[in-house]
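What follows is the content of upload-v2.pdb, which has PDB, C-alpha atoms:
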```
MODEL        1
ATOM      1  CA  MET A   1       0.000   0.000   0.000
ATOM      2  CA  GLN A   2       2.834   2.320   0.958
ATOM      3  CA  LYS A   3       4.650   1.511  -2.256
ATOM      4  CA  LYS A   4       1.570   2.371  -4.237
ATOM      5  CA  ILE A   5       1.171   5.661  -2.374
ATOM      6  CA  ALA A   6       4.825   6.454  -2.943
ATOM      7  CA  ARG A   7       4.557   5.728  -6.604
ATOM      8  CA  ARG A   8       1.484   7.883  -6.796
ATOM      9  CA  ALA A   9       3.172  10.660  -4.895
ATOM     10  CA  PHE A  10       6.216  10.705  -7.086
ATOM     11  CA  ALA A  11       4.505   9.715 -10.371
ATOM     12  CA  PRO A  12       4.791  12.437 -13.029
ATOM     13  CA  ASN A  13       1.677  14.250 -13.861
ATOM     14  CA  GLN A  14       0.419  13.794 -17.283
ATOM     15  CA  MET A  15       0.201  17.536 -17.590
ATOM     16  CA  THR A  16       3.589  18.272 -15.910
ATOM     17  CA  GLU A  17       7.041  16.791 -16.003
ATOM     18  CA  GLY A  18       7.501  16.012 -12.141
ATOM     19  CA  PRO A  19       5.548  15.673  -8.780
ATOM     20  CA  SER A  20       3.930  18.741  -7.472
ATOM     21  CA  PRO A  21       5.039  20.305  -4.155
ATOM     22  CA  PHE A  22       1.606  19.666  -2.703
ATOM     23  CA  HIS A  23       1.833  15.938  -3.197
ATOM     24  CA  ILE A  24       5.329  15.850  -1.763
ATOM     25  CA  ALA A  25       4.286  17.754   1.376
ATOM     26  CA  ARG A  26       1.248  15.553   1.898
ATOM     27  CA  PHE A  27       3.369  12.419   1.568
ATOM     28  CA  ILE A  28       5.927  13.629   4.092
ATOM     29  CA  THR A  29       3.174  14.617   6.538
ATOM     30  CA  ARG A  30       1.590  11.193   6.355
ATOM     31  CA  CYS A  31       4.934   9.492   6.948
ATOM     32  CA  PHE A  32       5.690  11.583  10.030
ATOM     33  CA  PHE A  33       2.184  10.972  11.364
ATOM     34  CA  LYS A  34       2.529   7.197  11.034
ATOM     35  CA  LEU A  35       6.003   7.321  12.586
ATOM     36  CA  ALA A  36       4.655   9.274  15.563
ATOM     37  CA  ILE A  37       1.874   6.751  16.086
ATOM     38  CA  PHE A  38       4.374   3.879  15.953
ATOM     39  CA  LEU A  39       6.745   5.523  18.433
ATOM     40  CA  GLU A  40       3.900   6.312  20.851
ATOM     41  CA  VAL A  41       2.606   2.742  20.819
ATOM     42  CA  ALA A  42       6.088   1.290  21.160
ATOM     43  CA  GLY A  43       6.966   3.656  24.057
ATOM     44  CA  SER A  44       3.759   2.873  25.899
ATOM     45  CA  ALA A  45       4.324  -0.885  25.592
ATOM     46  CA  LEU A  46       7.947  -0.542  26.656
ATOM     47  CA  GLY A  47       6.940   1.521  29.748
ATOM     48  CA  ASP A  48       4.401  -1.082  30.851
ATOM     49  CA  ASP A  49       6.948  -3.880  30.512
ATOM     50  CA  TYR A  50       9.476  -1.935  32.597
ATOM     51  CA  GLU A  51       6.998  -1.305  35.405
ATOM     52  CA  ARG A  52       6.011  -4.967  35.487
ATOM     53  CA  LEU A  53       9.656  -5.997  35.524
ATOM     54  CA  GLU A  54      10.459  -3.572  38.345
ATOM     55  CA  SER A  55       7.492  -4.798  40.413
ATOM     56  CA  ALA A  56       8.419  -8.453  39.867
ATOM     57  CA  THR A  57      12.044  -7.719  40.787
ATOM     58  CA  LYS A  58      10.978  -6.013  44.014
ATOM     59  CA  ARG A  59       8.737  -8.931  44.970
ATOM     60  CA  TRP A  60      11.541 -11.359  44.228
ATOM     61  CA  LEU A  61      13.969  -9.417  46.457
ATOM     62  CA  ASP A  62      11.403  -9.296  49.285
ATOM     63  CA  LEU A  63      10.824 -13.013  48.946
ATOM     64  CA  GLU A  64      14.560 -13.727  49.057
ATOM     65  CA  GLN A  65      14.891 -11.597  52.198
ATOM     66  CA  ARG A  66      12.016 -13.423  53.914
ATOM     67  CA  ILE A  67      13.510 -16.776  52.936
ATOM     68  CA  ALA A  68      16.834 -15.735  54.467
ATOM     69  CA  GLU A  69      15.157 -14.549  57.675
ATOM     70  CA  GLU A  70      13.122 -17.752  57.989
ATOM     71  CA  HIS A  71      16.236 -19.822  57.379
ATOM     72  CA  ASN A  72      18.178 -18.003  60.106
ATOM     73  CA  ALA A  73      15.258 -18.325  62.529
ATOM     74  CA  TRP A  74      14.943 -22.019  61.742
ATOM     75  CA  LYS A  75      18.653 -22.564  62.410
ATOM     76  CA  SER A  76      18.341 -20.795  65.782
ATOM     77  CA  GLN A  77      15.216 -22.713  66.763
ATOM     78  CA  ARG A  78      16.745 -25.956  65.585
ATOM     79  CA  LYS A  79      19.535 -25.568  68.131
ATOM     80  CA  VAL A  80      17.058 -24.828  70.933
ATOM     81  CA  LEU A  81      14.840 -27.731  69.906
ATOM     82  CA  SER A  82      17.824 -30.042  69.800
ATOM     83  CA  GLN A  83      18.718 -29.136  73.374
ATOM     84  CA  SER A  84      15.079 -29.530  74.442
ATOM     85  CA  VAL A  85      14.974 -32.992  72.896
ATOM     86  CA  LYS A  86      18.050 -34.007  74.874
ATOM     87  CA  VAL A  87      16.511 -32.700  78.109
ATOM     88  CA  LEU A  88      13.246 -34.520  77.402
ATOM     89  CA  GLU A  89      15.077 -37.743  76.647
ATOM     90  CA  ALA A  90      16.905 -37.477  79.971
ATOM     91  CA  SER A  91      13.621 -36.724  81.762
ATOM     92  CA  ILE A  92      11.972 -39.719  80.111
ATOM     93  CA  GLY A  93      14.753 -41.921  81.426
ATOM     94  CA  GLU A  94      14.349 -40.583  84.950
ATOM     95  CA  LEU A  95      10.563 -40.915  84.815
ATOM     96  CA  THR A  96      10.871 -44.470  83.571
ATOM     97  CA  GLU A  97      13.060 -45.311  86.539
ATOM     98  CA  VAL A  98      10.641 -43.607  88.923
ATOM     99  CA  LEU A  99       7.735 -45.494  87.351
ATOM    100  CA  ASP A 100       9.504 -48.802  87.864
ATOM    101  CA  ASN A 101      10.131 -47.915  91.510
ATOM    102  CA  LEU A 102       6.489 -46.952  91.937
ATOM    103  CA  LYS A 103       5.376 -50.269  90.508
ATOM    104  CA  VAL A 104       7.545 -52.116  93.018
ATOM    105  CA  SER A 105       6.239 -49.898  95.826
ATOM    106  CA  ALA A 106       2.642 -50.465  94.698
ATOM    107  CA  GLU A 107       3.122 -54.213  94.846
ATOM    108  CA  MET A 108       4.529 -53.913  98.365
ATOM    109  CA  ARG A 109       1.661 -51.635  99.405
ATOM    110  CA  SER A 110      -0.853 -54.069  97.984
ATOM    111  CA  SER A 111       0.609 -56.831 100.113
ATOM    112  CA  GLU A 112       0.599 -54.587 103.177
ATOM    113  CA  PHE A 113      -2.987 -53.573 102.473
ATOM    114  CA  ALA A 114      -4.083 -57.192 102.491
ATOM    115  CA  LYS A 115      -2.431 -57.643 105.883
ATOM    116  CA  ASN A 116      -3.866 -54.392 107.207
ATOM    117  CA  GLU A 117      -7.336 -55.432 106.134
ATOM    118  CA  HIS A 118      -7.233 -58.342 108.552
ATOM    119  CA  THR A 119      -5.772 -56.069 111.217
ATOM    120  CA  TYR A 120      -8.563 -53.561 110.598
ATOM    121  CA  GLU A 121     -11.191 -56.225 111.178
ATOM    122  CA  ASP A 122      -9.535 -57.154 114.466
ATOM    123  CA  GLN A 123      -9.382 -53.493 115.440
ATOM    124  CA  GLU A 124     -13.071 -53.059 114.684
ATOM    125  CA  VAL A 125     -13.867 -55.914 117.058
ATOM    126  CA  ALA A 126     -11.660 -54.341 119.729
ATOM    127  CA  ARG A 127     -13.186 -50.929 119.093
ATOM    128  CA  ALA A 128     -16.704 -52.280 119.541
ATOM    129  CA  TYR A 129     -15.636 -53.863 122.834
ATOM    130  CA  TYR A 130     -14.044 -50.679 124.183
ATOM    131  CA  ALA A 131     -16.958 -48.573 122.948
ATOM    132  CA  GLY A 132     -19.292 -50.731 125.017
ATOM    133  CA  LYS A 133     -17.068 -50.394 128.076
ATOM    134  CA  LEU A 134     -16.860 -46.652 127.561
ATOM    135  CA  ASP A 135     -20.647 -46.427 127.426
ATOM    136  CA  GLU A 136     -20.818 -48.311 130.724
ATOM    137  CA  PHE A 137     -18.367 -45.889 132.364
ATOM    138  CA  THR A 138     -20.307 -42.944 130.966
ATOM    139  CA  GLU A 139     -23.525 -44.280 132.483
ATOM    140  CA  LEU A 140     -21.712 -44.842 135.790
ATOM    141  CA  PHE A 141     -20.430 -41.269 135.729
ATOM    142  CA  LEU A 142     -23.915 -39.883 135.102
ATOM    143  CA  ARG A 143     -25.307 -41.903 138.027
ATOM    144  CA  PHE A 144     -22.518 -40.651 140.255
ATOM    145  CA  ARG A 145     -23.363 -37.064 139.309
ATOM    146  CA  ALA A 146     -26.619 -37.382 141.278
ATOM    147  CA  PHE A 147     -24.908 -37.604 144.680
ATOM    148  CA  VAL A 148     -21.656 -35.740 144.052
ATOM    149  CA  PRO A 149     -20.731 -33.370 146.929
ATOM    150  CA  ASP A 150     -21.043 -29.633 146.408
ATOM    151  CA  TYR A 151     -17.263 -29.325 146.482
ATOM    152  CA  LEU A 152     -16.947 -31.368 143.254
ATOM    153  CA  GLU A 153     -20.144 -30.239 141.564
ATOM    154  CA  GLU A 154     -18.573 -27.557 139.347
ATOM    155  CA  GLU A 155     -15.801 -29.869 138.130
ATOM    156  CA  MET A 156     -18.258 -32.674 137.401
ATOM    157  CA  ASN A 157     -20.536 -30.278 135.509
ATOM    158  CA  THR A 158     -17.588 -29.259 133.330
ATOM    159  CA  ALA A 159     -16.743 -32.902 132.637
ATOM    160  CA  GLN A 160     -20.357 -33.637 131.694
ATOM    161  CA  GLU A 161     -20.453 -30.680 129.295
ATOM    162  CA  LYS A 162     -17.276 -31.925 127.615
ATOM    163  CA  LEU A 163     -18.795 -35.388 127.227
ATOM    164  CA  GLU A 164     -21.910 -33.953 125.606
ATOM    165  CA  MET A 165     -19.818 -31.890 123.174
ATOM    166  CA  ALA A 166     -17.382 -34.705 122.313
ATOM    167  CA  ASP A 167     -17.774 -36.742 119.144
ATOM    168  CA  PRO A 168     -19.268 -40.164 120.057
ATOM    169  CA  ILE A 169     -16.862 -41.820 117.626
ATOM    170  CA  ALA A 170     -13.821 -40.230 119.299
ATOM    171  CA  LEU A 171     -13.336 -42.911 121.931
ATOM    172  CA  GLY A 172      -9.965 -41.548 123.004
ATOM    173  CA  ALA A 173     -11.285 -38.068 123.747
ATOM    174  CA  ARG A 174     -14.256 -39.413 125.696
ATOM    175  CA  ALA A 175     -12.017 -41.775 127.654
ATOM    176  CA  GLN A 176      -9.684 -38.926 128.631
ATOM    177  CA  ILE A 177     -12.609 -36.872 129.945
ATOM    178  CA  LEU A 178     -13.906 -39.761 132.050
ATOM    179  CA  ILE A 179     -10.441 -40.687 133.322
ATOM    180  CA  ALA A 180      -9.807 -37.086 134.392
ATOM    181  CA  ALA A 181     -13.181 -36.912 136.165
ATOM    182  CA  PHE A 182     -12.795 -40.227 138.018
ATOM    183  CA  THR A 183      -9.197 -39.367 138.920
ATOM    184  CA  ARG A 184     -10.376 -36.142 140.521
ATOM    185  CA  VAL A 185     -13.073 -38.044 142.427
ATOM    186  CA  GLU A 186     -10.487 -40.585 143.602
ATOM    187  CA  GLU A 187      -8.216 -37.801 144.858
ATOM    188  CA  PHE A 188     -11.118 -36.280 146.756
ATOM    189  CA  ASN A 189     -12.111 -39.653 148.205
ATOM    190  CA  ARG A 190      -8.587 -40.250 149.550
ATOM    191  CA  SER A 191      -8.280 -36.915 151.335
ATOM    192  CA  VAL A 192      -9.879 -34.773 154.030
ATOM    193  CA  THR A 193     -11.179 -31.581 152.439
ATOM    194  CA  MET A 194     -12.491 -28.369 153.969
ATOM    195  CA  ASP A 195     -15.205 -26.396 152.216
ATOM    196  CA  TYR A 196     -17.316 -23.357 153.075
ATOM    197  CA  VAL A 197     -20.959 -23.164 152.016
ATOM    198  CA  SER A 198     -23.940 -20.949 152.758
ATOM    199  CA  ARG A 199     -26.626 -22.621 154.862
ATOM    200  CA  GLU A 200     -30.095 -21.308 155.716
ATOM    201  CA  LEU A 201     -31.038 -21.933 159.352
ATOM    202  CA  ALA A 202     -34.484 -22.681 160.746
ATOM    203  CA  ASP A 203     -34.974 -19.042 161.784
ATOM    204  CA  GLY A 204     -34.310 -17.872 158.203
ATOM    205  CA  ARG A 205     -30.755 -16.673 158.746
ATOM    206  CA  ASP A 206     -28.021 -17.531 156.224
ATOM    207  CA  VAL A 207     -24.673 -18.434 157.752
ATOM    208  CA  MET A 208     -21.374 -19.510 156.234
ATOM    209  CA  VAL A 209     -20.818 -23.076 157.413
ATOM    210  CA  SER A 210     -17.516 -24.972 157.537
ATOM    211  CA  VAL A 211     -17.871 -28.441 155.995
ATOM    212  CA  LEU A 212     -15.178 -31.067 156.588
ATOM    213  CA  TYR A 213     -15.366 -33.939 154.061
ATOM    214  CA  TRP A 214     -13.931 -37.362 154.865
ATOM    215  CA  GLY A 215     -13.689 -38.403 151.254
ATOM    216  CA  LEU A 216     -17.007 -39.589 149.883
ATOM    217  CA  ALA A 217     -17.964 -41.423 153.066
ATOM    218  CA  ARG A 218     -19.133 -38.636 155.328
ATOM    219  CA  ALA A 219     -18.844 -34.954 156.203
ATOM    220  CA  TYR A 220     -19.252 -32.778 159.290
ATOM    221  CA  ALA A 221     -20.355 -29.151 159.385
ATOM    222  CA  VAL A 222     -20.503 -26.437 162.031
ATOM    223  CA  ASP A 223     -21.306 -22.739 162.119
ATOM    224  CA  PRO A 224     -18.507 -20.227 162.936
ATOM    225  CA  GLN A 225     -19.734 -19.729 166.518
ATOM    226  CA  GLY A 226     -19.892 -23.462 167.195
ATOM    227  CA  THR A 227     -23.587 -23.442 168.104
ATOM    228  CA  ILE A 228     -24.996 -25.734 165.389
ATOM    229  CA  ALA A 229     -23.484 -28.930 163.978
ATOM    230  CA  TRP A 230     -24.477 -31.342 161.216
ATOM    231  CA  GLU A 231     -23.526 -34.754 159.923
ATOM    232  CA  LEU A 232     -23.658 -35.132 156.108
ATOM    233  CA  LYS A 233     -24.238 -38.455 154.354
ATOM    234  CA  PRO A 234     -24.263 -39.174 150.608
ATOM    235  CA  GLY A 235     -27.671 -40.073 149.182
ATOM    236  CA  LEU A 236     -29.217 -40.896 145.836
ATOM    237  CA  GLU A 237     -30.238 -37.257 145.286
ATOM    238  CA  GLY A 238     -27.295 -35.532 146.932
ATOM    239  CA  TRP A 239     -25.846 -35.221 150.394
ATOM    240  CA  VAL A 240     -28.319 -35.240 153.296
ATOM    241  CA  TRP A 241     -27.798 -32.918 156.288
ATOM    242  CA  HIS A 242     -28.608 -34.296 159.759
ATOM    243  CA  ASP A 243     -28.596 -32.092 162.858
ATOM    244  CA  ARG A 244     -26.135 -33.303 165.524
ATOM    245  CA  PRO A 245     -26.561 -31.021 168.540
ATOM    246  CA  GLU A 246     -24.961 -33.642 170.801
ATOM    247  CA  TYR A 247     -21.698 -33.473 168.797
ATOM    248  CA  ILE A 248     -21.381 -29.689 168.430
ATOM    249  CA  GLN A 249     -18.209 -29.418 170.538
ATOM    250  CA  GLN A 250     -16.484 -32.429 168.959
ATOM    251  CA  ILE A 251     -17.270 -31.341 165.397
ATOM    252  CA  HIS A 252     -16.274 -27.743 166.121
ATOM    253  CA  GLU A 253     -12.935 -28.841 167.590
ATOM    254  CA  LEU A 254     -12.397 -31.206 164.660
ATOM    255  CA  VAL A 255     -12.825 -28.315 162.216
ATOM    256  CA  GLN A 256     -10.444 -26.146 164.264
ATOM    257  CA  ILE A 257      -7.818 -28.889 164.324
ATOM    258  CA  HIS A 258      -7.994 -29.224 160.539
ATOM    259  CA  GLY A 259      -7.684 -25.457 160.211
ATOM    260  CA  GLN A 260      -4.670 -25.579 162.571
ATOM    261  CA  THR A 261      -6.237 -23.107 164.990
ATOM    262  CA  ARG A 262      -5.864 -25.516 167.913
ATOM    263  CA  PRO A 263      -3.538 -28.416 168.780
ATOM    264  CA  PRO A 264      -4.398 -31.920 167.544
ATOM    265  CA  SER A 265      -6.562 -34.068 169.795
ATOM    266  CA  ILE A 266      -8.734 -37.163 169.584
ATOM    267  CA  GLN A 267     -12.409 -36.442 168.974
ATOM    268  CA  SER A 268     -15.340 -38.843 168.865
ATOM    269  CA  VAL A 269     -17.812 -38.140 166.073
ATOM    270  CA  PRO A 270     -20.682 -40.229 164.652
ATOM    271  CA  GLY A 271     -19.899 -42.542 161.747
ATOM    272  CA  LYS A 272     -20.005 -46.079 160.396
ATOM    273  CA  VAL A 273     -17.213 -48.266 159.078
ATOM    274  CA  PHE A 274     -17.862 -51.022 156.541
ATOM    275  CA  HIS A 275     -15.677 -54.099 156.454
ATOM    276  CA  GLU A 276     -14.651 -55.928 153.291
ATOM    277  CA  LEU A 277     -17.761 -58.147 153.174
ATOM    278  CA  GLY A 278     -20.047 -55.126 153.108
ATOM    279  CA  GLY A 279     -21.402 -55.283 156.637
ATOM    280  CA  GLU A 280     -21.404 -52.469 159.189
ATOM    281  CA  LYS A 281     -19.051 -52.361 162.121
TER
ENDMDL
END
```
Structure translated into structure tokens:
Amino acid sequence: MQKKIARRAFAPNQMTEGPSPFHIARFITRCFFKLAIFLEVAGSALGDDYERLESATKRWLDLEQRIAEEHNAWKSQRKVLSQSVKVLEASIGELTEVLDNLKVSAEMRSSEFAKNEHTYEDQEVARAYYAGKLDEFTELFLRFRAFVPDYLEEEMNTAQEKLEMADPIALGARAQILIAAFTRVEEFNRSVTMDYVSRELADGRDVMVSVLYWGLARAYAVDPQGTIAWELKPGLEGWVWHDRPEYIQQIHELVQIHGQTRPPSIQSVPGKVFHELGGEK
């Protein structure tokens, strides 16, 4: 097509000898126009390829950098993991040894448990026996509380409160309470004890009376002036007071001797002595 246009542009006119200036100018203009279009298209395509190449190169460099960083991190972690594996292997060995020891210990414990089971059954039989005995002593203590002397009443009340608060299953604790109470009673029964109590007389007067206990067998009481005397005997509902006007002097002197306000002397006071077979003498 271009060759045809060129031939037409430079073909001699039938009426003239050569091409006209107009045709030459138009031909040159068309050539420059086509060249400009070609250069514009080529430049645009070349610019797009350069941008794509630059972007791909940048991504490739970033990827290489990340690969290097990951590789370095992996090398560092590999060393740590290697050490951790060694520690875990050592721990596994120790735990295996401990497990073997525990198995041996469990077998020994199983054998001991079988023996202890028989021992436990024997202990349950013994416990039932001692629980029954402890109940008997508790009942005996409660019966004794009915005729305890005034001197021991507060201590016995405390012991009874402890028994009521104690766990029935705790045989040891209950036994200690009863042993302490009966021990105190035994000490009192083996000694001569002086006590002072308020007593209302027949005329309505209240006087402080000296009471001399001979253990749990008997007691003698007298007013401070030595004008009234009593003999006390234990009963089912407490100690019973009996007037003893005929023994006022003897009982009064007996109280003074115990209080070390007069020299010792022999005094005759009412009382009964029981021999081993239970009879009176």
Run the PyMOL selection byres ((chain A and resi 188) around 9) on the file and write out the hits as a PyMOL selection string. chain A and resi 152+183-187+189-193+213-216
As a check of understanding: the span from CA of Tyr196 in chain A to CA of Leu178 in chain A is 26.9 Å
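Relative to CA of Glu200 in chain A, CA of Phe147 in chain A is found at 20.4 Å.
Closest to Met194 in chain A among A:Asn157, A:Gln256, A:Gln225, A:Gln250 is A:Gln256, based on all atoms listed in the file.
Nearest-residue note for Gln176 in chain A: choosing from A:Ala202, A:Val211, A:Leu134, A:Val125, the minimum distance belongs to A:Leu134, counting all atoms listed in the file.
For the atom pair formed by CA of Arg218 in chain A and CA of Pro234 in chain A, the distance is 7.0 Å, given to one decimal.
Within the file as shown, the PyMOL selection byres ((chain A and resi 208) around 7) identifies Tyr196, Val197, Ser198, Arg199, Asp206, Val207, Val209, Ser210 and Asp223 of chain A.
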Would you mind exporting C-alpha atoms of the selected residues as an mmCIF file, keeping the file's coordinate frame?
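File written: selection26.cif
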```cif
data_model
loop_
_atom_site.group_PDB
_atom_site.id
_atom_site.type_symbol
_atom_site.label_atom_id
_atom_site.label_comp_id
_atom_site.auth_asym_id
_atom_site.auth_seq_id
_atom_site.Cartn_x
_atom_site.Cartn_y
_atom_site.Cartn_z
ATOM 1 C CA TYR A 196 -17.316 -23.357 153.075
ATOM 2 C CA VAL A 197 -20.959 -23.164 152.016
ATOM 3 C CA SER A 198 -23.940 -20.949 152.758
ATOM 4 C CA ARG A 199 -26.626 -22.621 154.862
ATOM 5 C CA ASP A 206 -28.021 -17.531 156.224
ATOM 6 C CA VAL A 207 -24.673 -18.434 157.752
ATOM 7 C CA VAL A 209 -20.818 -23.076 157.413
ATOM 8 C CA SER A 210 -17.516 -24.972 157.537
ATOM 9 C CA ASP A 223 -21.306 -22.739 162.119
#
```
Once the PyMOL selection byres ((chain A and resi 138) around 12) has been applied to the shown file, what residues remain in the selection, as a PyMOL selection string? chain A and resi 131-137+139-145+159-160+162-164+168+171+174-179+181-182
Pull C-alpha atoms from the residues just selected and write them as a CSV table (one decimal), keeping the file's coordinate frame.
```csv
chain,number,residue,atom,x,y,z
A,131,ALA,CA,-17.0,-48.6,122.9
A,132,GLY,CA,-19.3,-50.7,125.0
A,133,LYS,CA,-17.1,-50.4,128.1
A,134,LEU,CA,-16.9,-46.7,127.6
A,135,ASP,CA,-20.6,-46.4,127.4
A,136,GLU,CA,-20.8,-48.3,130.7
A,137,PHE,CA,-18.4,-45.9,132.4
A,139,GLU,CA,-23.5,-44.3,132.5
A,140,LEU,CA,-21.7,-44.8,135.8
A,141,PHE,CA,-20.4,-41.3,135.7
A,142,LEU,CA,-23.9,-39.9,135.1
A,143,ARG,CA,-25.3,-41.9,138.0
A,144,PHE,CA,-22.5,-40.7,140.3
A,145,ARG,CA,-23.4,-37.1,139.3
A,159,ALA,CA,-16.7,-32.9,132.6
A,160,GLN,CA,-20.4,-33.6,131.7
A,162,LYS,CA,-17.3,-31.9,127.6
A,163,LEU,CA,-18.8,-35.4,127.2
A,164,GLU,CA,-21.9,-34.0,125.6
A,168,PRO,CA,-19.3,-40.2,120.1
A,171,LEU,CA,-13.3,-42.9,121.9
A,174,ARG,CA,-14.3,-39.4,125.7
A,175,ALA,CA,-12.0,-41.8,127.7
A,176,GLN,CA,-9.7,-38.9,128.6
A,177,ILE,CA,-12.6,-36.9,129.9
A,178,LEU,CA,-13.9,-39.8,132.0
A,179,ILE,CA,-10.4,-40.7,133.3
A,181,ALA,CA,-13.2,-36.9,136.2
A,182,PHE,CA,-12.8,-40.2,138.0
```
May I have the centre and edge lengths, in Å to one decimal, of an axis-aligned box around the listed atoms of range 260-273 of chain A with 4 Å added to every side, as AutoDock Vina command-line options?
```
--center_x -12.1 --center_y -35.7 --center_z 164.4 --size_x 25.1 --size_y 33.2 --size_z 18.7
```
Give me, as number ranges by chain, all polymer residues having an atom no more than 6 Å from Ala229 in chain A, counting all atoms listed in the file and skipping those fewer than 5 positions away in the same chain. A: 221-222, 244-245, 248
Grab range 196-202 of chain A from that structure and dump all heavy atoms to a file, as a PDB file, in the first residue's frame.
```pdb
ATOM      1  N   TYR A 196     -16.474 -24.348 152.406  1.00  0.00           N
ATOM      2  CA  TYR A 196     -17.316 -23.357 153.075  1.00  0.00           C
ATOM      3  C   TYR A 196     -18.531 -23.100 152.194  1.00  0.00           C
ATOM      4  O   TYR A 196     -18.394 -22.716 151.023  1.00  0.00           O
ATOM      5  CB  TYR A 196     -16.543 -22.056 153.311  1.00  0.00           C
ATOM      6  CG  TYR A 196     -15.289 -22.260 154.135  1.00  0.00           C
ATOM      7  CD1 TYR A 196     -14.056 -22.470 153.515  1.00  0.00           C
ATOM      8  CD2 TYR A 196     -15.349 -22.253 155.525  1.00  0.00           C
ATOM      9  CE1 TYR A 196     -12.913 -22.663 154.266  1.00  0.00           C
ATOM     10  CE2 TYR A 196     -14.196 -22.453 156.286  1.00  0.00           C
ATOM     11  CZ  TYR A 196     -12.981 -22.656 155.649  1.00  0.00           C
ATOM     12  OH  TYR A 196     -11.851 -22.860 156.403  1.00  0.00           O
ATOM     13  N   VAL A 197     -19.721 -23.318 152.779  1.00  0.00           N
ATOM     14  CA  VAL A 197     -20.959 -23.164 152.016  1.00  0.00           C
ATOM     15  C   VAL A 197     -21.940 -22.322 152.819  1.00  0.00           C
ATOM     16  O   VAL A 197     -21.850 -22.220 154.058  1.00  0.00           O
ATOM     17  CB  VAL A 197     -21.588 -24.534 151.684  1.00  0.00           C
ATOM     18  CG1 VAL A 197     -20.656 -25.353 150.811  1.00  0.00           C
ATOM     19  CG2 VAL A 197     -21.947 -25.283 152.961  1.00  0.00           C
ATOM     20  N   SER A 198     -22.892 -21.737 152.103  1.00  0.00           N
ATOM     21  CA  SER A 198     -23.940 -20.949 152.758  1.00  0.00           C
ATOM     22  C   SER A 198     -25.091 -21.882 153.126  1.00  0.00           C
ATOM     23  O   SER A 198     -25.543 -22.682 152.307  1.00  0.00           O
ATOM     24  CB  SER A 198     -24.421 -19.841 151.818  1.00  0.00           C
ATOM     25  OG  SER A 198     -25.471 -19.112 152.416  1.00  0.00           O
ATOM     26  N   ARG A 199     -25.560 -21.738 154.371  1.00  0.00           N
ATOM     27  CA  ARG A 199     -26.626 -22.621 154.862  1.00  0.00           C
ATOM     28  C   ARG A 199     -27.714 -21.773 155.509  1.00  0.00           C
ATOM     29  O   ARG A 199     -27.437 -20.897 156.336  1.00  0.00           O
ATOM     30  CB  ARG A 199     -26.054 -23.600 155.891  1.00  0.00           C
ATOM     31  CG  ARG A 199     -27.063 -24.566 156.491  1.00  0.00           C
ATOM     32  CD  ARG A 199     -27.406 -25.663 155.544  1.00  0.00           C
ATOM     33  NE  ARG A 199     -28.319 -26.638 156.139  1.00  0.00           N
ATOM     34  CZ  ARG A 199     -28.897 -27.617 155.470  1.00  0.00           C
ATOM     35  NH1 ARG A 199     -28.653 -27.762 154.167  1.00  0.00           N
ATOM     36  NH2 ARG A 199     -29.711 -28.462 156.064  1.00  0.00           N
ATOM     37  N   GLU A 200     -28.971 -22.029 155.123  1.00  0.00           N
ATOM     38  CA  GLU A 200     -30.095 -21.308 155.716  1.00  0.00           C
ATOM     39  C   GLU A 200     -30.566 -22.049 156.966  1.00  0.00           C
ATOM     40  O   GLU A 200     -30.868 -23.244 156.915  1.00  0.00           O
ATOM     41  CB  GLU A 200     -31.243 -21.193 154.713  1.00  0.00           C
ATOM     42  CG  GLU A 200     -32.411 -20.363 155.245  1.00  0.00           C
ATOM     43  CD  GLU A 200     -33.535 -20.231 154.223  1.00  0.00           C
ATOM     44  OE1 GLU A 200     -33.353 -20.735 153.088  1.00  0.00           O
ATOM     45  OE2 GLU A 200     -34.579 -19.639 154.569  1.00  0.00           O
ATOM     46  N   LEU A 201     -30.628 -21.330 158.087  1.00  0.00           N
ATOM     47  CA  LEU A 201     -31.038 -21.933 159.352  1.00  0.00           C
ATOM     48  C   LEU A 201     -32.561 -21.951 159.476  1.00  0.00           C
ATOM     49  O   LEU A 201     -33.278 -21.403 158.631  1.00  0.00           O
ATOM     50  CB  LEU A 201     -30.420 -21.158 160.510  1.00  0.00           C
ATOM     51  CG  LEU A 201     -28.881 -21.076 160.507  1.00  0.00           C
ATOM     52  CD1 LEU A 201     -28.388 -20.289 161.715  1.00  0.00           C
ATOM     53  CD2 LEU A 201     -28.270 -22.464 160.473  1.00  0.00           C
ATOM     54  N   ALA A 202     -33.034 -22.559 160.541  1.00  0.00           N
ATOM     55  CA  ALA A 202     -34.484 -22.681 160.746  1.00  0.00           C
ATOM     56  C   ALA A 202     -35.140 -21.326 160.961  1.00  0.00           C
ATOM     57  O   ALA A 202     -36.317 -21.131 160.612  1.00  0.00           O
ATOM     58  CB  ALA A 202     -34.767 -23.597 161.940  1.00  0.00           C
TER      59      ALA A 202
END
```
